[in-house]
file my_file_8.pdb (PDB, C-alpha atoms)
ATOM      1  CA  MET I 205     -22.588  44.862  -2.342
ATOM      2  CA  SER I 206     -26.217  43.681  -2.521
ATOM      3  CA  THR I 207     -27.247  40.112  -1.777
ATOM      4  CA  ALA I 208     -28.027  39.579  -5.450
ATOM      5  CA  GLY I 209     -24.599  40.889  -6.380
ATOM      6  CA  ARG I 210     -22.890  38.528  -3.960
ATOM      7  CA  TRP I 211     -24.765  35.568  -5.409
ATOM      8  CA  VAL I 212     -23.799  36.574  -8.956
ATOM      9  CA  GLY I 213     -20.174  36.912  -7.882
ATOM     10  CA  LEU I 214     -20.215  33.505  -6.211
ATOM     11  CA  ALA I 215     -21.751  31.936  -9.317
ATOM     12  CA  LEU I 216     -19.033  33.448 -11.490
ATOM     13  CA  LEU I 217     -16.349  32.094  -9.180
ATOM     14  CA  VAL I 218     -17.882  28.601  -9.342
ATOM     15  CA  ILE I 219     -18.030  28.749 -13.133
ATOM     16  CA  ALA I 220     -14.458  30.000 -13.315
ATOM     17  CA  ALA I 221     -13.250  27.205 -11.041
ATOM     18  CA  GLY I 222     -15.095  24.621 -13.107
ATOM     19  CA  CYS I 223     -13.429  25.880 -16.284
ATOM     20  CA  ALA I 224      -9.981  26.444 -14.772
ATOM     21  CA  PRO I 225      -7.306  24.698 -16.848
ATOM     22  CA  THR I 226      -5.670  21.619 -15.397
ATOM     23  CA  MET I 227      -1.905  21.177 -15.039
ATOM     24  CA  ASN I 228      -1.285  17.908 -16.882
ATOM     25  CA  LEU I 229       1.685  15.815 -15.746
ATOM     26  CA  THR I 230       2.831  14.594 -19.147
ATOM     27  CA  ASP I 231       6.141  12.973 -18.200
ATOM     28  CA  PRO I 232       5.510   9.201 -18.552
ATOM     29  CA  SER I 233       7.768   8.293 -15.628
ATOM     30  CA  THR I 234       7.212  11.011 -13.011
ATOM     31  CA  PRO I 235       5.913  11.918 -10.554
ATOM     32  CA  LYS I 236       5.795   8.399  -9.166
ATOM     33  CA  PHE I 237       4.949   7.359  -5.614
ATOM     34  CA  GLU I 238       5.340   3.871  -4.229
ATOM     35  CA  GLY I 239       5.432   2.092  -0.885
ATOM     36  CA  ARG I 240       5.839  -1.437   0.433
ATOM     37  CA  PHE I 241       3.735  -2.424   3.416
ATOM     38  CA  GLY I 242       2.601  -5.915   2.318
ATOM     39  CA  ARG I 243       3.752  -9.127   3.982
ATOM     40  CA  ALA I 244       5.985 -10.023   1.031
ATOM     41  CA  ASN I 245       7.911  -6.834   1.778
ATOM     42  CA  GLY I 246       7.984  -7.088   5.563
ATOM     43  CA  GLY I 247       4.485  -5.713   6.186
ATOM     44  CA  PRO I 248       1.403  -7.343   7.741
ATOM     45  CA  GLY I 249      -0.368  -8.224   4.458
ATOM     46  CA  ARG I 250      -1.554 -11.469   2.867
ATOM     47  CA  PRO I 251      -0.986 -15.167   3.653
ATOM     48  CA  ASP I 252       1.860 -17.167   2.160
ATOM     49  CA  ALA I 253       2.172 -17.214  -1.653
ATOM     50  CA  ALA I 254       1.258 -20.913  -1.705
ATOM     51  CA  ASP I 255      -2.307 -20.047  -0.588
ATOM     52  CA  PRO I 256      -4.667 -21.412  -3.314
ATOM     53  CA  GLU I 257      -7.345 -18.716  -2.939
ATOM     54  CA  PRO I 258      -8.835 -17.209  -6.131
ATOM     55  CA  LEU I 259      -7.984 -13.701  -7.276
ATOM     56  CA  ARG I 260      -9.932 -10.955  -5.482
ATOM     57  CA  ILE I 261     -10.200  -7.535  -7.181
ATOM     58  CA  VAL I 262     -11.668  -4.237  -5.924
ATOM     59  CA  THR I 263     -12.131  -0.833  -7.542
ATOM     60  CA  PHE I 264     -13.235   2.305  -5.671
ATOM     61  CA  ASN I 265     -13.451   5.953  -6.734
ATOM     62  CA  ILE I 266     -12.821   7.861  -3.482
ATOM     63  CA  LYS I 267     -14.152  11.296  -4.367
ATOM     64  CA  LEU I 268     -11.134  13.643  -4.597
ATOM     65  CA  GLY I 269      -9.381  11.436  -2.035
ATOM     66  CA  ARG I 270     -10.920  13.423   0.811
ATOM     67  CA  ALA I 271     -12.605  10.979   3.210
ATOM     68  CA  ILE I 272      -9.643   8.645   3.684
ATOM     69  CA  ASP I 273     -10.506   7.429   7.187
ATOM     70  CA  ARG I 274     -13.976   6.419   6.013
ATOM     71  CA  ALA I 275     -12.529   4.822   2.876
ATOM     72  CA  ILE I 276     -10.172   2.714   5.035
ATOM     73  CA  GLU I 277     -13.173   1.554   7.049
ATOM     74  CA  VAL I 278     -15.001   0.534   3.874
ATOM     75  CA  LEU I 279     -11.993  -1.180   2.269
ATOM     76  CA  GLY I 280     -11.417  -3.140   5.467
ATOM     77  CA  GLY I 281     -15.003  -4.418   5.501
ATOM     78  CA  ASP I 282     -15.979  -8.053   5.016
ATOM     79  CA  SER I 283     -16.816  -7.791   1.302
ATOM     80  CA  LEU I 284     -13.524  -6.096   0.373
ATOM     81  CA  ARG I 285     -10.988  -7.277   2.963
ATOM     82  CA  GLY I 286      -8.156  -9.431   1.630
ATOM     83  CA  ALA I 287      -8.226  -8.146  -1.958
ATOM     84  CA  ASP I 288      -5.277  -9.116  -4.148
ATOM     85  CA  ILE I 289      -5.572  -6.043  -6.389
ATOM     86  CA  VAL I 290      -7.187  -2.720  -5.439
ATOM     87  CA  ALA I 291      -7.667   0.047  -8.018
ATOM     88  CA  LEU I 292      -8.386   3.501  -6.572
ATOM     89  CA  GLN I 293      -9.342   6.679  -8.435
ATOM     90  CA  GLU I 294      -9.244  10.420  -7.630
ATOM     91  CA  MET I 295      -6.354   9.908  -5.236
ATOM     92  CA  ASP I 296      -3.408  11.993  -4.079
ATOM     93  CA  GLU I 297      -0.136  10.604  -2.758
ATOM     94  CA  VAL I 298      -1.006  11.203   0.904
ATOM     95  CA  GLY I 299      -4.294   9.322   0.757
ATOM     96  CA  VAL I 300      -2.814   6.372  -1.126
ATOM     97  CA  GLU I 301      -0.048   5.914   1.432
ATOM     98  CA  ARG I 302      -2.456   6.180   4.370
ATOM     99  CA  ILE I 303      -4.677   3.465   2.918
ATOM    100  CA  ALA I 304      -1.694   1.231   2.096
ATOM    101  CA  ARG I 305      -0.252   1.567   5.606
ATOM    102  CA  ALA I 306      -3.594   0.934   7.290
ATOM    103  CA  LEU I 307      -4.389  -2.177   5.238
ATOM    104  CA  GLY I 308      -0.858  -3.592   4.903
ATOM    105  CA  LEU I 309      -0.551  -3.181   1.131
ATOM    106  CA  ASN I 310       2.130  -2.282  -1.380
ATOM    107  CA  TYR I 311       1.234   0.480  -3.811
ATOM    108  CA  VAL I 312       2.226   2.440  -6.877
ATOM    109  CA  TYR I 313       0.698   5.768  -7.852
ATOM    110  CA  PHE I 314       1.220   7.935 -10.928
ATOM    111  CA  PRO I 315      -0.851  11.127 -10.690
ATOM    112  CA  GLY I 316      -2.056  12.354 -14.045
ATOM    113  CA  VAL I 317      -2.717  15.995 -13.173
ATOM    114  CA  ILE I 318      -2.703  18.625 -10.480
ATOM    115  CA  HIS I 319      -6.397  19.132  -9.839
ATOM    116  CA  PRO I 320      -7.532  22.721 -10.551
ATOM    117  CA  THR I 321      -9.910  23.020  -7.596
ATOM    118  CA  ASP I 322      -7.914  21.192  -4.920
ATOM    119  CA  GLY I 323      -4.382  22.013  -6.066
ATOM    120  CA  ARG I 324      -3.348  18.434  -5.248
ATOM    121  CA  TYR I 325      -2.155  15.465  -7.253
ATOM    122  CA  PHE I 326      -5.063  13.581  -8.844
ATOM    123  CA  GLY I 327      -5.067  10.178 -10.493
ATOM    124  CA  PRO I 328      -5.468   6.387 -10.189
ATOM    125  CA  ALA I 329      -3.442   4.055  -7.966
ATOM    126  CA  LEU I 330      -2.866   0.318  -7.605
ATOM    127  CA  LEU I 331      -2.539  -1.401  -4.218
ATOM    128  CA  THR I 332      -1.767  -5.042  -3.480
ATOM    129  CA  PRO I 333      -0.329  -7.259  -0.774
ATOM    130  CA  TRP I 334       1.876  -8.906  -3.435
ATOM    131  CA  PRO I 335       5.214  -7.729  -4.903
ATOM    132  CA  ILE I 336       4.993  -5.036  -7.599
ATOM    133  CA  GLU I 337       7.655  -5.920 -10.153
ATOM    134  CA  ARG I 338       7.375  -2.898 -12.438
ATOM    135  CA  SER I 339       4.975  -0.041 -13.087
ATOM    136  CA  TRP I 340       4.261   2.722 -15.578
ATOM    137  CA  LYS I 341       1.865   5.502 -16.534
ATOM    138  CA  VAL I 342      -0.432   5.195 -19.576
ATOM    139  CA  ARG I 343      -1.416   8.556 -21.030
ATOM    140  CA  LEU I 344      -4.861   8.500 -22.607
ATOM    141  CA  PRO I 345      -5.787  10.508 -25.719
ATOM    142  CA  HIS I 346      -8.179  13.484 -25.984
ATOM    143  CA  LEU I 347      -8.069  16.378 -23.561
ATOM    144  CA  GLY I 348     -11.347  17.056 -21.801
ATOM    145  CA  ARG I 349     -13.437  20.068 -22.697
ATOM    146  CA  PHE I 350     -13.217  23.137 -20.476
ATOM    147  CA  ARG I 351     -10.355  22.034 -18.192
ATOM    148  CA  HIS I 352      -8.268  20.370 -20.938
ATOM    149  CA  GLN I 353      -7.423  17.528 -18.577
ATOM    150  CA  GLN I 354      -5.490  14.520 -19.844
ATOM    151  CA  ARG I 355      -6.594  11.291 -18.217
ATOM    152  CA  THR I 356      -4.085   8.557 -17.363
ATOM    153  CA  ALA I 357      -4.032   4.971 -16.147
ATOM    154  CA  THR I 358      -1.618   3.509 -13.620
ATOM    155  CA  ALA I 359      -0.276   0.132 -14.744
ATOM    156  CA  ALA I 360       1.830  -2.491 -12.985
ATOM    157  CA  VAL I 361       2.986  -6.078 -13.154
ATOM    158  CA  ILE I 362       2.096  -7.711  -9.827
ATOM    159  CA  ARG I 363       3.338 -11.188  -8.916
ATOM    160  CA  VAL I 364       0.319 -12.873  -7.344
ATOM    161  CA  ARG I 365       1.130 -16.320  -5.903
ATOM    162  CA  GLY I 366       4.020 -16.616  -8.331
ATOM    163  CA  THR I 367       2.016 -15.525 -11.417
ATOM    164  CA  PRO I 368       2.687 -12.153 -13.086
ATOM    165  CA  VAL I 369      -0.602 -10.256 -13.379
ATOM    166  CA  GLN I 370      -0.688  -7.042 -15.420
ATOM    167  CA  ALA I 371      -3.118  -4.613 -13.795
ATOM    168  CA  TYR I 372      -4.509  -1.219 -14.782
ATOM    169  CA  ALA I 373      -6.235   1.338 -12.538
ATOM    170  CA  VAL I 374      -8.402   3.412 -14.868
ATOM    171  CA  HIS I 375     -10.397   6.646 -14.716
ATOM    172  CA  LEU I 376     -11.794   7.742 -18.078
ATOM    173  CA  GLU I 377     -12.982  11.262 -18.838
ATOM    174  CA  THR I 378     -16.578  12.225 -18.064
ATOM    175  CA  GLN I 379     -19.369  12.187 -20.624
ATOM    176  CA  LEU I 380     -19.667  15.973 -20.716
ATOM    177  CA  ARG I 381     -15.984  16.448 -21.556
ATOM    178  CA  VAL I 382     -15.348  13.877 -24.276
ATOM    179  CA  SER I 383     -17.509  12.071 -26.796
ATOM    180  CA  GLU I 384     -18.308   8.358 -26.665
ATOM    181  CA  HIS I 385     -15.953   7.866 -29.605
ATOM    182  CA  GLN I 386     -13.152   9.638 -27.751
ATOM    183  CA  ARG I 387     -13.768   7.576 -24.620
ATOM    184  CA  ALA I 388     -13.559   4.469 -26.796
ATOM    185  CA  ASP I 389     -10.150   5.712 -27.980
ATOM    186  CA  GLN I 390      -9.073   6.006 -24.336
ATOM    187  CA  VAL I 391     -10.092   2.410 -23.663
ATOM    188  CA  GLN I 392      -8.383   1.221 -26.831
ATOM    189  CA  THR I 393      -5.124   2.825 -25.683
ATOM    190  CA  ILE I 394      -5.235   0.662 -22.543
ATOM    191  CA  LEU I 395      -6.136  -2.459 -24.520
ATOM    192  CA  ASP I 396      -3.241  -1.814 -26.907
ATOM    193  CA  ASP I 397      -0.850  -1.344 -23.985
ATOM    194  CA  ALA I 398      -1.870  -4.750 -22.617
ATOM    195  CA  THR I 399      -1.735  -6.630 -25.934
ATOM    196  CA  ASP I 400       1.588  -8.372 -25.325
ATOM    197  CA  ALA I 401       1.083  -9.170 -21.637
ATOM    198  CA  PRO I 402       2.093 -12.848 -21.231
ATOM    199  CA  GLY I 403      -0.150 -13.560 -18.243
ATOM    200  CA  PRO I 404      -3.528 -12.476 -16.855
ATOM    201  CA  VAL I 405      -4.615  -8.855 -17.308
ATOM    202  CA  ILE I 406      -6.915  -6.896 -14.980
ATOM    203  CA  ILE I 407      -8.504  -3.589 -16.065
ATOM    204  CA  ALA I 408     -10.478  -1.954 -13.259
ATOM    205  CA  GLY I 409     -11.778   1.494 -12.485
ATOM    206  CA  ASP I 410     -14.260   4.262 -13.185
ATOM    207  CA  PHE I 411     -15.154   4.216 -16.877
ATOM    208  CA  ASN I 412     -17.774   6.996 -16.640
ATOM    209  CA  SER I 413     -19.918   4.784 -18.862
ATOM    210  CA  CYS I 414     -21.490   1.341 -18.936
ATOM    211  CA  ASP I 415     -21.517   1.330 -22.742
ATOM    212  CA  ILE I 416     -17.767   0.730 -22.968
ATOM    213  CA  GLY I 417     -18.048  -2.899 -21.834
ATOM    214  CA  PRO I 418     -18.707  -4.514 -25.246
ATOM    215  CA  GLN I 419     -15.553  -2.916 -26.668
ATOM    216  CA  VAL I 420     -13.468  -4.540 -23.938
ATOM    217  CA  THR I 421     -15.168  -7.922 -24.254
ATOM    218  CA  ARG I 422     -14.532  -7.931 -28.013
ATOM    219  CA  ALA I 423     -10.831  -7.696 -27.155
ATOM    220  CA  GLY I 424     -11.046 -11.014 -25.304
ATOM    221  CA  TYR I 425     -11.843  -9.855 -21.761
ATOM    222  CA  ARG I 426     -14.570 -11.062 -19.445
ATOM    223  CA  TRP I 427     -16.753  -8.346 -17.964
ATOM    224  CA  LEU I 428     -16.968  -9.600 -14.398
ATOM    225  CA  THR I 429     -19.123  -6.724 -13.106
ATOM    226  CA  GLU I 430     -21.597  -6.420 -15.964
ATOM    227  CA  LEU I 431     -24.541  -7.497 -13.821
ATOM    228  CA  VAL I 432     -23.810  -5.871 -10.455
ATOM    229  CA  GLY I 433     -26.006  -2.785 -10.893
ATOM    230  CA  PRO I 434     -25.447   0.912 -10.143
ATOM    231  CA  SER I 435     -22.180   2.051  -8.568
ATOM    232  CA  ILE I 436     -23.022   5.791  -8.502
ATOM    233  CA  THR I 437     -26.635   7.039  -8.185
ATOM    234  CA  VAL I 438     -28.463   5.140 -10.961
ATOM    235  CA  PHE I 439     -25.399   4.577 -13.157
ATOM    236  CA  SER I 440     -23.144   1.528 -13.498
ATOM    237  CA  TRP I 441     -19.791   3.194 -14.218
ATOM    238  CA  ASP I 442     -17.262   1.270 -12.103
ATOM    239  CA  HIS I 443     -16.170  -2.058 -13.564
ATOM    240  CA  ILE I 444     -13.660  -4.897 -13.583
ATOM    241  CA  PHE I 445     -12.486  -6.748 -16.697
ATOM    242  CA  VAL I 446     -10.211  -9.803 -16.799
ATOM    243  CA  ARG I 447      -8.295 -11.544 -19.571
ATOM    244  CA  GLY I 448      -6.502 -14.849 -19.118
ATOM    245  CA  ALA I 449      -7.684 -15.602 -15.577
ATOM    246  CA  GLY I 450     -10.378 -18.260 -15.340
ATOM    247  CA  ALA I 451     -12.286 -19.537 -12.366
ATOM    248  CA  ALA I 452     -12.283 -22.802 -10.476
ATOM    249  CA  ARG I 453     -15.893 -21.885  -9.794
ATOM    250  CA  PRO I 454     -18.055 -19.308 -11.622
ATOM    251  CA  PRO I 455     -16.787 -15.782 -10.825
ATOM    252  CA  SER I 456     -18.709 -13.677  -8.338
ATOM    253  CA  ALA I 457     -19.032  -9.898  -8.159
ATOM    254  CA  GLY I 458     -20.939  -7.202  -6.337
ATOM    255  CA  VAL I 459     -21.294  -3.612  -5.166
ATOM    256  CA  VAL I 460     -20.870  -2.443  -1.563
ATOM    257  CA  ARG I 461     -23.779  -0.107  -0.821
ATOM    258  CA  ASP I 462     -22.848   1.364   2.553
ATOM    259  CA  VAL I 463     -19.759   3.562   2.086
ATOM    260  CA  HIS I 464     -20.109   5.565   5.335
ATOM    261  CA  GLY I 465     -19.876   8.857   3.410
ATOM    262  CA  ALA I 466     -16.485   7.986   1.914
ATOM    263  CA  SER I 467     -17.526   8.843  -1.660
ATOM    264  CA  ASP I 468     -20.349   9.381  -4.098
ATOM    265  CA  HIS I 469     -19.234   6.087  -5.711
ATOM    266  CA  HIS I 470     -19.644   2.590  -4.312
ATOM    267  CA  PRO I 471     -16.764   0.106  -4.454
ATOM    268  CA  VAL I 472     -17.146  -2.791  -6.837
ATOM    269  CA  TRP I 473     -15.524  -6.192  -6.273
ATOM    270  CA  ALA I 474     -15.023  -9.431  -8.168
ATOM    271  CA  VAL I 475     -13.519 -12.832  -7.389
ATOM    272  CA  VAL I 476     -12.031 -14.989 -10.138
ATOM    273  CA  GLY I 477      -9.950 -18.174  -9.951
ATOM    274  CA  PRO I 478      -7.239 -19.950 -11.952
ATOM    275  CA  THR I 479      -9.310 -22.007 -14.450
ATOM    276  CA  ALA I 480     -12.034 -21.286 -16.985
ATOM    277  CA  GLY I 481     -15.514 -20.405 -15.788
ATOM    278  CA  SER I 482     -18.580 -18.388 -16.755
ATOM    279  CA  LEU I 483     -20.043 -15.191 -15.365
ATOM    280  CA  THR I 484     -23.110 -15.440 -13.135
ATOM    281  CA  ARG I 485     -25.438 -12.877 -11.646
ATOM    282  CA  THR I 486     -24.587 -12.221  -7.972
ATOM    283  CA  ALA I 487     -26.144 -10.393  -5.065
ATOM    284  CA  THR I 488     -25.042  -7.018  -3.770
ATOM    285  CA  LEU I 489     -23.166  -7.226  -0.480
ATOM    286  CA  THR I 490     -22.629  -4.804   2.396
ATOM    287  CA  PRO I 491     -19.494  -4.898   4.579
TER     288      PRO I 491
END

call {"tool": "encode", "arguments": {"input": "my_file_8.pdb", "output": "structure tokens"}}
result
Amino acid sequence: MSTAGRWVGLALLVIAAGCAPTMNLTDPSTPKFEGRFGRANGGPGRPDAADPEPLRIVTFNIKLGRAIDRAIEVLGGDSLRGADIVALQEMDEVGVERIARALGLNYVYFPGVIHPTDGRYFGPALLTPWPIERSWKVRLPHLGRFRHQQRTATAAVIRVRGTPVQAYAVHLETQLRVSEHQRADQVQTILDDATDAPGPVIIAGDFNSCDIGPQVTRAGYRWLTELVGPSITVFSWDHIFVRGAGAARPPSAGVVRDVHGASDHHPVWAVVGPTAGSLTRTATLTP
């Protein structure tokens, strides 16, 4: 075969892989993976539940869950260490457990699909040093173009210092695969799921858009990461929203720039306390 022919063949294989259909995991309860490595469950995690610290939240899209050792290094850095709630995206069950063990966290993980290029579980996970009281998968509407992938969110009630916090790890479909209106429907599904939550609600993850923020704020959430700047190349796609959790001081938030090659995304963090406060612009930090 000529060199030109080999290049054409390779291009066709790449196109075919990019359009390969995804195996969606539509059962709302399985597969489910969970582990308990936090201090509340016998692990080396957080301080005693009486600790008055504010709520610390992190979200990080670890590209296809591949560079786990580097991701552990980043998540253990000064800006991110000691988080109460960590939302991860593009994970498989092996990577989630490795991170939880290394950092002394409990976790729950509901993969949404089997990824067509890696052949591994793929989806969002929640990690925390606090007890996870219950958890569930939220299936989001609208299959993506080409691969027909159904996105999901992983949800859980986490008891943080005695307070039940309902948290969602989110990864919406990309802009090329659904319309803005369809992505808004995906967000609305999460908002509807959280409507009756009696305590604070955290929605964190990769939204593949910065334009979705006003929809969430209209539902009564504060957009803690609105002002932090780009989290992937020039785009601000990774965000944290909070409802029902105020701040003893104005909330702070930022983006960690040095990810040591762990991902094409940068982790985003926010700190919010127990009483009302207002959002302020904050500086970007590096671990």

call {"tool": "residues_around", "arguments": {"input": "my_file_8.pdb", "residues": "Val278 of chain I", "least_positions_apart": "6", "cutoff": "9 Å", "atoms": "all atoms listed in the file", "output": "PyMOL selection string"}}
result
chain I and resi 284-285+460+462-464+466+471+491

call {"tool": "write_last_selection", "arguments": {"input": "my_file_8.pdb", "atoms": "C-alpha atoms", "output": "CSV table (one decimal), keeping the file's coordinate frame"}}
result
chain,number,residue,atom,x,y,z
I,284,LEU,CA,-13.5,-6.1,0.4
I,285,ARG,CA,-11.0,-7.3,3.0
I,460,VAL,CA,-20.9,-2.4,-1.6
I,462,ASP,CA,-22.8,1.4,2.6
I,463,VAL,CA,-19.8,3.6,2.1
I,464,HIS,CA,-20.1,5.6,5.3
I,466,ALA,CA,-16.5,8.0,1.9
I,471,PRO,CA,-16.8,0.1,-4.5
I,491,PRO,CA,-19.5,-4.9,4.6

call {"tool": "axis_aligned_box", "arguments": {"input": "my_file_8.pdb", "around": "segment 313-316 of chain I", "padding_each_side": "5 Å", "output": "AutoDock Vina command-line options"}}
result
--center_x -0.4 --center_y 9.1 --center_z -10.9 --size_x 13.3 --size_y 16.6 --size_z 16.2

call {"tool": "residues_around", "arguments": {"input": "my_file_8.pdb", "residues": "segment 310-313 of chain I", "least_positions_apart": "6", "cutoff": "10 Å", "atoms": "only C-alpha atoms", "output": "MDAnalysis selection string"}}
result
chainID I and resid 234:245 247 249 289:292 295:297 300:301 303:304 326:336 338:341 357:360 373

call {"tool": "closest_residue", "arguments": {"input": "my_file_8.pdb", "among": "I:Thr393, I:Ser283, I:Thr421, I:Ser233", "to": "Tyr372 of chain I", "atoms": "all atoms listed in the file"}}
result
I:Thr393

call {"tool": "closest_residue", "arguments": {"input": "my_file_8.pdb", "among": "I:Cys414, I:Ile394, I:Val382, I:Val420", "to": "Ser440 of chain I", "atoms": "only C-alpha atoms"}}
result
I:Cys414

call {"tool": "closest_residue", "arguments": {"input": "my_file_8.pdb", "among": "I:Tyr425, I:Ile407, I:Val364, I:Asp415", "to": "Val262 of chain I", "atoms": "only C-alpha atoms"}}
result
I:Ile407

call {"tool": "atom_distance", "arguments": {"input": "my_file_8.pdb", "atom1": "atom CA of Thr378 of chain I", "atom2": "atom CA of Trp441 of chain I"}}
result
10.3 Å

call {"tool": "residues_around", "arguments": {"input": "my_file_8.pdb", "residues": "Phe439 of chain I", "least_positions_apart": "4", "cutoff": "10 Å", "atoms": "all atoms listed in the file", "output": "PyMOL selection string"}}
result
chain I and resi 412-414+433-435+469

call {"tool": "atom_distance", "arguments": {"input": "my_file_8.pdb", "atom1": "atom CA of Val472 of chain I", "atom2": "atom CA of Gly366 of chain I"}}
result
25.3 Å

call {"tool": "resolve_selection", "arguments": {"input": "my_file_8.pdb", "expression": "the PyMOL selection byres ((chain I and resi 446) around 8)", "output": "PyMOL selection string"}}
result
chain I and resi 404-407+425-428+444-445+447-449

call {"tool": "closest_residue", "arguments": {"input": "my_file_8.pdb", "among": "I:Pro225, I:Gly299, I:Gly458, I:Gly308", "to": "Gln354 of chain I", "atoms": "all atoms listed in the file"}}
result
I:Pro225

call {"tool": "build_atoms", "arguments": {"input": "my_file_8.pdb", "residues": "segment 419-441 of chain I", "atoms": "N, CA and C atoms", "output": "tab-separated table (two decimals), in the coordinates of the input"}}
result
chain	number	residue	atom	x	y	z
I	419	GLN	N	-16.84	-3.13	-26.00
I	419	GLN	CA	-15.55	-2.92	-26.67
I	419	GLN	C	-14.45	-3.74	-25.99
I	420	VAL	N	-14.49	-3.79	-24.67
I	420	VAL	CA	-13.47	-4.54	-23.94
I	420	VAL	C	-13.68	-6.05	-24.11
I	421	THR	N	-14.92	-6.49	-24.09
I	421	THR	CA	-15.17	-7.92	-24.25
I	421	THR	C	-14.78	-8.40	-25.65
I	422	ARG	N	-14.95	-7.55	-26.66
I	422	ARG	CA	-14.53	-7.93	-28.01
I	422	ARG	C	-13.02	-8.14	-28.11
I	423	ALA	N	-12.29	-7.53	-27.18
I	423	ALA	CA	-10.83	-7.70	-27.16
I	423	ALA	C	-10.41	-8.94	-26.38
I	424	GLY	N	-11.37	-9.76	-25.95
I	424	GLY	CA	-11.05	-11.01	-25.30
I	424	GLY	C	-11.12	-11.00	-23.79
I	425	TYR	N	-11.72	-9.96	-23.22
I	425	TYR	CA	-11.84	-9.86	-21.76
I	425	TYR	C	-13.22	-10.32	-21.32
I	426	ARG	N	-13.29	-10.78	-20.08
I	426	ARG	CA	-14.57	-11.06	-19.44
I	426	ARG	C	-14.96	-9.88	-18.57
I	427	TRP	N	-16.20	-9.50	-18.69
I	427	TRP	CA	-16.75	-8.35	-17.96
I	427	TRP	C	-17.36	-8.88	-16.67
I	428	LEU	N	-16.55	-8.94	-15.62
I	428	LEU	CA	-16.97	-9.60	-14.40
I	428	LEU	C	-18.09	-8.86	-13.67
I	429	THR	N	-18.18	-7.54	-13.87
I	429	THR	CA	-19.12	-6.72	-13.11
I	429	THR	C	-20.30	-6.24	-13.95
I	430	GLU	N	-20.54	-6.87	-15.06
I	430	GLU	CA	-21.60	-6.42	-15.96
I	430	GLU	C	-22.96	-6.39	-15.28
I	431	LEU	N	-23.20	-7.31	-14.37
I	431	LEU	CA	-24.54	-7.50	-13.82
I	431	LEU	C	-24.71	-6.97	-12.40
I	432	VAL	N	-23.75	-6.22	-11.88
I	432	VAL	CA	-23.81	-5.87	-10.46
I	432	VAL	C	-24.73	-4.69	-10.14
I	433	GLY	N	-25.11	-3.90	-11.14
I	433	GLY	CA	-26.01	-2.78	-10.89
I	433	GLY	C	-25.28	-1.48	-10.66
I	434	PRO	N	-26.01	-0.44	-10.25
I	434	PRO	CA	-25.45	0.91	-10.14
I	434	PRO	C	-24.31	0.99	-9.13
I	435	SER	N	-23.28	1.78	-9.49
I	435	SER	CA	-22.18	2.05	-8.57
I	435	SER	C	-22.10	3.53	-8.20
I	436	ILE	N	-22.90	4.38	-8.86
I	436	ILE	CA	-23.02	5.79	-8.50
I	436	ILE	C	-24.43	6.23	-8.92
I	437	THR	N	-25.22	6.71	-7.98
I	437	THR	CA	-26.64	7.04	-8.18
I	437	THR	C	-27.30	5.89	-8.96
I	438	VAL	N	-27.79	6.18	-10.19
I	438	VAL	CA	-28.46	5.14	-10.96
I	438	VAL	C	-27.57	4.58	-12.06
I	439	PHE	N	-26.29	4.95	-12.06
I	439	PHE	CA	-25.40	4.58	-13.16
I	439	PHE	C	-24.43	3.47	-12.75
I	440	SER	N	-24.12	2.60	-13.70
I	440	SER	CA	-23.14	1.53	-13.50
I	440	SER	C	-21.87	1.91	-14.25
I	441	TRP	N	-20.98	2.63	-13.56
I	441	TRP	CA	-19.79	3.19	-14.22
I	441	TRP	C	-18.48	2.56	-13.77
